[in-house]
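Before any comments, here is the structure.
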Amino acid sequence: MTTVQHAIDTLEDLRRDWLSALHAELPDAIALRHRLHAQPRLSGDEEDTAATIEHALGISMERLADTGRIGRVGPSEGPSVLLRAELDALPVTEATGAPYAATNGAMHACGHDVHQAALVAVVRACRTLSLPVGLVVLLQPREETYPSGARDAVQSGALTRYGVAAAAGAHVHPTVPAGTVATGAGVVNAAADEVEILVTGRGGHGAYPHRAADPIAAAAHIVLALPELVRRTVSPMRPATVSVGHVQSGQPSANVLPDQARILATMRTTDAQDRSDVQDQVRLLASSQAEAFGLTSTVTITAGEPVLYNHPALVERMDDWLVRSGIDVTEPMRSLGADDFSFFGEVVPAVMSFVGVTVAGHDEAPELHHPRFLPDDDAILDVATTLVAAYLAGAEIIHLGLT
Ligand SMILES: [Zn+2]
């Protein structure tokens with residue numbers, strides 16, 4: 001028997017023991033989930049949530065990224081696999097009618113309460129097991145806002161100090177069939193950048209437009225040119241889009257031409273070169289259109305999340321562990337959405353997976369961030385099993401020297 005085969009056999013024993021210990025943790029995990037759900041905290045204000053989870057984990061943790069926490073179980077030296085749970089809730093008024101519904105105007109409408117309870121169950125269930133590599137627990141703040149908590153966690157240098165050699169996250173998703181998980185090698189989510197274009201001209205009377213420099217006309221041309229710009233910059237074989245979410249200019253007056261127009265857009269790309277090319281072309285478009293109309297422009301691009309890339313070897317191993325654990329692996333969930341988990345994938349092999357859920361009382365589950373999005377408690381076990389599969393896959397690629 002080869003050493004690698006031996007290592008995999010050992011991991012299979014670990015998987016079985018871990019999953020049976022997980023079942024014993026479930027009642028506590030469900031109670032914890034309800035408690036966390038009832039007391040949601042917004043991005044940047046997650047101190048209570050972090051403290052509650054740290055207490056439930058019963059391990060010593062270090063603070064990072066303001067309200068976040070990081071800790072390690074298993075071997076204290078050598079490489080480790082990081083498992084992440086997000087801490088923050090959303091400014092949504094809950095309408096689920098659940099007995100443990102939040103009443104403070106915030107809501108865990110993105111399922112982070114499920115991720116938190118699942119991660120606690122995973123860590124508690126391995127207390128008496130012998131792990132082959134370290135398991136790093138990351139409670140990450142500010143997933144829903146900028147500045148990104150994942151970016152801050154990476155920039156803190158903690159991943160290096162904790163020996164992180166692979167990272168995994170799992171997210172509940174209403175469009176993935178319940179009982180299945182979507183992983184998918186390669187690009188899963190887009191890079192997301194925010195674009196602000198200011199077009200500045202010279203106001204005047206609407207009856208004498210030839211004596212003004214009309215920023216609204218220039219802004220309208222820019223808005224309509226943006227999709228064409230993407231089409232001429234990025235190969236149609238690689239997804240990319242620019243969507244304008246806000247245009248503002250002047251006062252509500254029919255006959256006053258204003259001085260300035262403001263455009264806000266989100267830019268989504270799936271390739272680093274495309275990302276910088278589209279940024280360059282947006283700047284060129286704004287300045288040349290403004291110039292053609294006798295105006296000036298300024299473009300401010302705020303970089304958001306990078307492309308979310310699932311490491312192919314990690315995905316291949318993880319799919320295998322999921323199937324062994326009785327979970328079907330379904331079609332990858334690729335979209336131009338963004339998740340700041342992608343910052344981890346920039347520094348170590350990483351995998352983000354999407355876990356199917358049901359929502360009681362709905363044939364078709366409400367969308368993420370919807371005031372009625374409340375995954376059933378079954379989701380805790382599915383997310384926990386997915387995180388165990390991700391840890392085993394991480395341990396395996398560390399053994400195989402693929403990190
Ligand atoms: Zn989320």
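Ordered as shown in the structure tokens, chains take letters A, B, and onward, while each chain numbers its residues from 1 and ligands are numbered from 1 in the order shown.
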
Open item on the list: At a cut-off of 10 Å around ligand 1, and using only C-alpha atoms and all ligand atoms, what residues come up? Please write them as a list of chain:residue names.
Closed with: A:Ala85, A:Glu86, A:Leu87, A:Asp88, A:Ala89, A:Leu90, A:His108, A:Ala109, A:Cys110, A:Gly111, A:His112, A:Asp113, A:His115, A:Glu143, A:Glu144, A:Ala170, A:His171, A:Val172, A:His173, A:Ala338, A:Asp339, A:Asp340, A:Phe341, A:Leu368, A:His369

Residue subset to file, keeping C-alpha atoms, as a PDB file, in the first residue's frame:
```pdb
ATOM      1  CA  ALA A  85     -17.884  31.470   8.779  1.00  0.00           C
ATOM      2  CA  GLU A  86     -19.119  35.037   8.208  1.00  0.00           C
ATOM      3  CA  LEU A  87     -20.331  37.020  11.229  1.00  0.00           C
ATOM      4  CA  ASP A  88     -22.508  39.806   9.847  1.00  0.00           C
ATOM      5  CA  ALA A  89     -26.247  40.217   9.276  1.00  0.00           C
ATOM      6  CA  LEU A  90     -28.071  42.615   6.944  1.00  0.00           C
ATOM      7  CA  HIS A 108     -29.503  36.956   9.143  1.00  0.00           C
ATOM      8  CA  ALA A 109     -31.053  36.951   5.668  1.00  0.00           C
ATOM      9  CA  CYS A 110     -27.931  35.523   4.015  1.00  0.00           C
ATOM     10  CA  GLY A 111     -27.771  32.340   6.114  1.00  0.00           C
ATOM     11  CA  HIS A 112     -24.647  33.315   8.059  1.00  0.00           C
ATOM     12  CA  ASP A 113     -26.316  32.043  11.262  1.00  0.00           C
ATOM     13  CA  HIS A 115     -22.764  28.787   8.644  1.00  0.00           C
ATOM     14  CA  GLU A 143     -18.610  40.051   4.451  1.00  0.00           C
ATOM     15  CA  GLU A 144     -21.537  42.196   3.307  1.00  0.00           C
ATOM     16  CA  ALA A 170     -19.662  27.044   2.304  1.00  0.00           C
ATOM     17  CA  HIS A 171     -22.735  29.163   1.600  1.00  0.00           C
ATOM     18  CA  VAL A 172     -26.378  28.140   1.736  1.00  0.00           C
ATOM     19  CA  HIS A 173     -28.150  28.817  -1.546  1.00  0.00           C
ATOM     20  CA  ALA A 338     -19.134  38.355  -5.761  1.00  0.00           C
ATOM     21  CA  ASP A 339     -18.059  37.012  -2.376  1.00  0.00           C
ATOM     22  CA  ASP A 340     -15.068  38.279  -0.461  1.00  0.00           C
ATOM     23  CA  PHE A 341     -14.005  34.684   0.211  1.00  0.00           C
ATOM     24  CA  LEU A 368     -30.803  35.416  -0.375  1.00  0.00           C
ATOM     25  CA  HIS A 369     -31.225  38.776   1.448  1.00  0.00           C
TER      26      HIS A 369
END
```

Task: Residue neighbourhood A:Pro366, 12 Å, only C-alpha atoms, exclusion window fewer than 2 positions, as a PyMOL selection string - done: chain A and resi 95-96+109-111+173-175+357-364+368-375

Go ahead and save the picked residues with C-alpha atoms, as a compact mmCIF listing (two decimals), in the first residue's frame.
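And here's again_19.txt as it stands now:
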```txt
# COMPACT_ATOMS: atom_id res chain seq x y z
CA ALA A 95 -40.70 38.84 8.02
CA THR A 96 -40.33 35.09 8.61
CA ALA A 109 -31.05 36.95 5.67
CA CYS A 110 -27.93 35.52 4.02
CA GLY A 111 -27.77 32.34 6.11
CA HIS A 173 -28.15 28.82 -1.55
CA PRO A 174 -31.87 28.75 -2.36
CA THR A 175 -31.44 27.81 -6.03
CA VAL A 357 -31.57 24.36 1.31
CA THR A 358 -35.32 24.25 1.79
CA VAL A 359 -37.40 26.99 3.44
CA ALA A 360 -40.50 25.77 5.29
CA GLY A 361 -43.74 27.13 3.86
CA HIS A 362 -42.22 27.92 0.45
CA ASP A 363 -42.21 25.60 -2.57
CA GLU A 364 -39.66 27.92 -4.07
CA LEU A 368 -30.80 35.42 -0.38
CA HIS A 369 -31.22 38.78 1.45
CA HIS A 370 -35.04 38.43 1.26
CA PRO A 371 -36.92 39.17 4.55
CA ARG A 372 -38.44 35.65 4.40
CA PHE A 373 -35.21 33.75 3.64
CA LEU A 374 -34.97 31.30 6.55
CA PRO A 375 -33.29 27.99 5.68
```

- [ ] Could you pull out the residues in stretch 19-149 of chain A that DSSP calls alpha helix (DSSP H) from the backbone, as number ranges by chain?
- [x] A: 19-38, 47-57, 112-125, 149

TODO: Just list the residues in stretch 176-353 of chain A DSSP gives strand (DSSP E or B) on the backbone, as a PyMOL selection string.
DONE: chain A and resi 180-182+186-189+191-200+202+204-205+213+240-249+256-257+260-269+296-303+308-310+328-330+350-353

TODO: Please identify all polymer residues within 10 Å of A:Ala56, counting only C-alpha atoms, omitting same-chain residues fewer than 5 positions from it, and present them as a PyMOL selection string.
DONE: chain A and resi 28-29+32+50-51+117+120-121+123-124

- [ ] Show which residues sit within 7 Å of A:Thr233, as a ChimeraX atom specification. Count only C-alpha atoms, and ignore same-chain residues fewer than 2 positions away.
- [x] /A:229-231,235,277-278

- [ ] Choose the residue, out of A:Thr10, A:Ser243, A:Thr386, A:Thr67, that has the smallest atom-to-atom separation from A:Leu129; count only C-alpha atoms.
- [x] A:Thr10

TODO: Would you mind listing what lies within 12 Å of A:Glu12 as a ChimeraX atom specification, with only C-alpha atoms counted and same-chain residues fewer than 3 positions away left out?
DONE: /A:5-9,15-19,131-132,320-322,324-325,388-389,392-393,395-396

Can I get the selected residues back with C-alpha atoms, as a compact mmCIF listing (two decimals), in the first residue's frame?
```txt
# COMPACT_ATOMS: atom_id res chain seq x y z
CA GLN A 5 -3.37 5.39 -0.09
CA HIS A 6 -2.62 4.83 3.58
CA ALA A 7 -3.23 8.51 4.29
CA ILE A 8 -6.55 8.39 2.42
CA ASP A 9 -7.69 5.27 4.32
CA ARG A 15 -14.62 11.11 8.08
CA ARG A 16 -16.85 8.38 9.51
CA ASP A 17 -16.02 9.21 13.14
CA TRP A 18 -16.38 12.93 12.51
CA LEU A 19 -19.81 12.66 10.89
CA LEU A 131 -6.59 15.42 12.96
CA PRO A 132 -3.76 14.94 10.44
CA ASP A 320 -15.21 12.73 -3.74
CA TRP A 321 -15.55 13.32 0.03
CA LEU A 322 -19.03 14.78 -0.45
CA ARG A 324 -18.69 9.41 0.28
CA SER A 325 -20.68 11.43 2.82
CA VAL A 388 -15.78 18.40 6.90
CA ALA A 389 -15.46 17.30 3.25
CA LEU A 392 -10.50 16.32 4.31
CA ALA A 393 -9.87 17.53 0.74
CA ALA A 395 -5.65 17.64 4.23
CA GLU A 396 -5.39 15.39 1.21
```

- [ ] Rank A:Arg334, A:Arg69, A:Arg275, A:Arg33 by their smallest atom-to-atom distance to A:Glu305, using only C-alpha atoms, and report the top residue only.
- [x] A:Arg275

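Of the listed residues A:Asp376, A:Asn189, A:Val323, A:Leu159, the one whose atoms come nearest to A:Ala98 is A:Asp376, with distances taken using only C-alpha atoms.
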
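Distance-wise, atom CA of A:Leu14 and atom CA of A:Ile70 end up 23.5 Å apart.
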
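You will find atom CA of A:Leu284 at 16.4 Å from atom CA of A:Glu194.
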
TODO: For atom CA of A:Ser297 and atom CA of A:Ile197, determine how far apart the two atoms are, in Å to one decimal place.
DONE: 6.9 Å
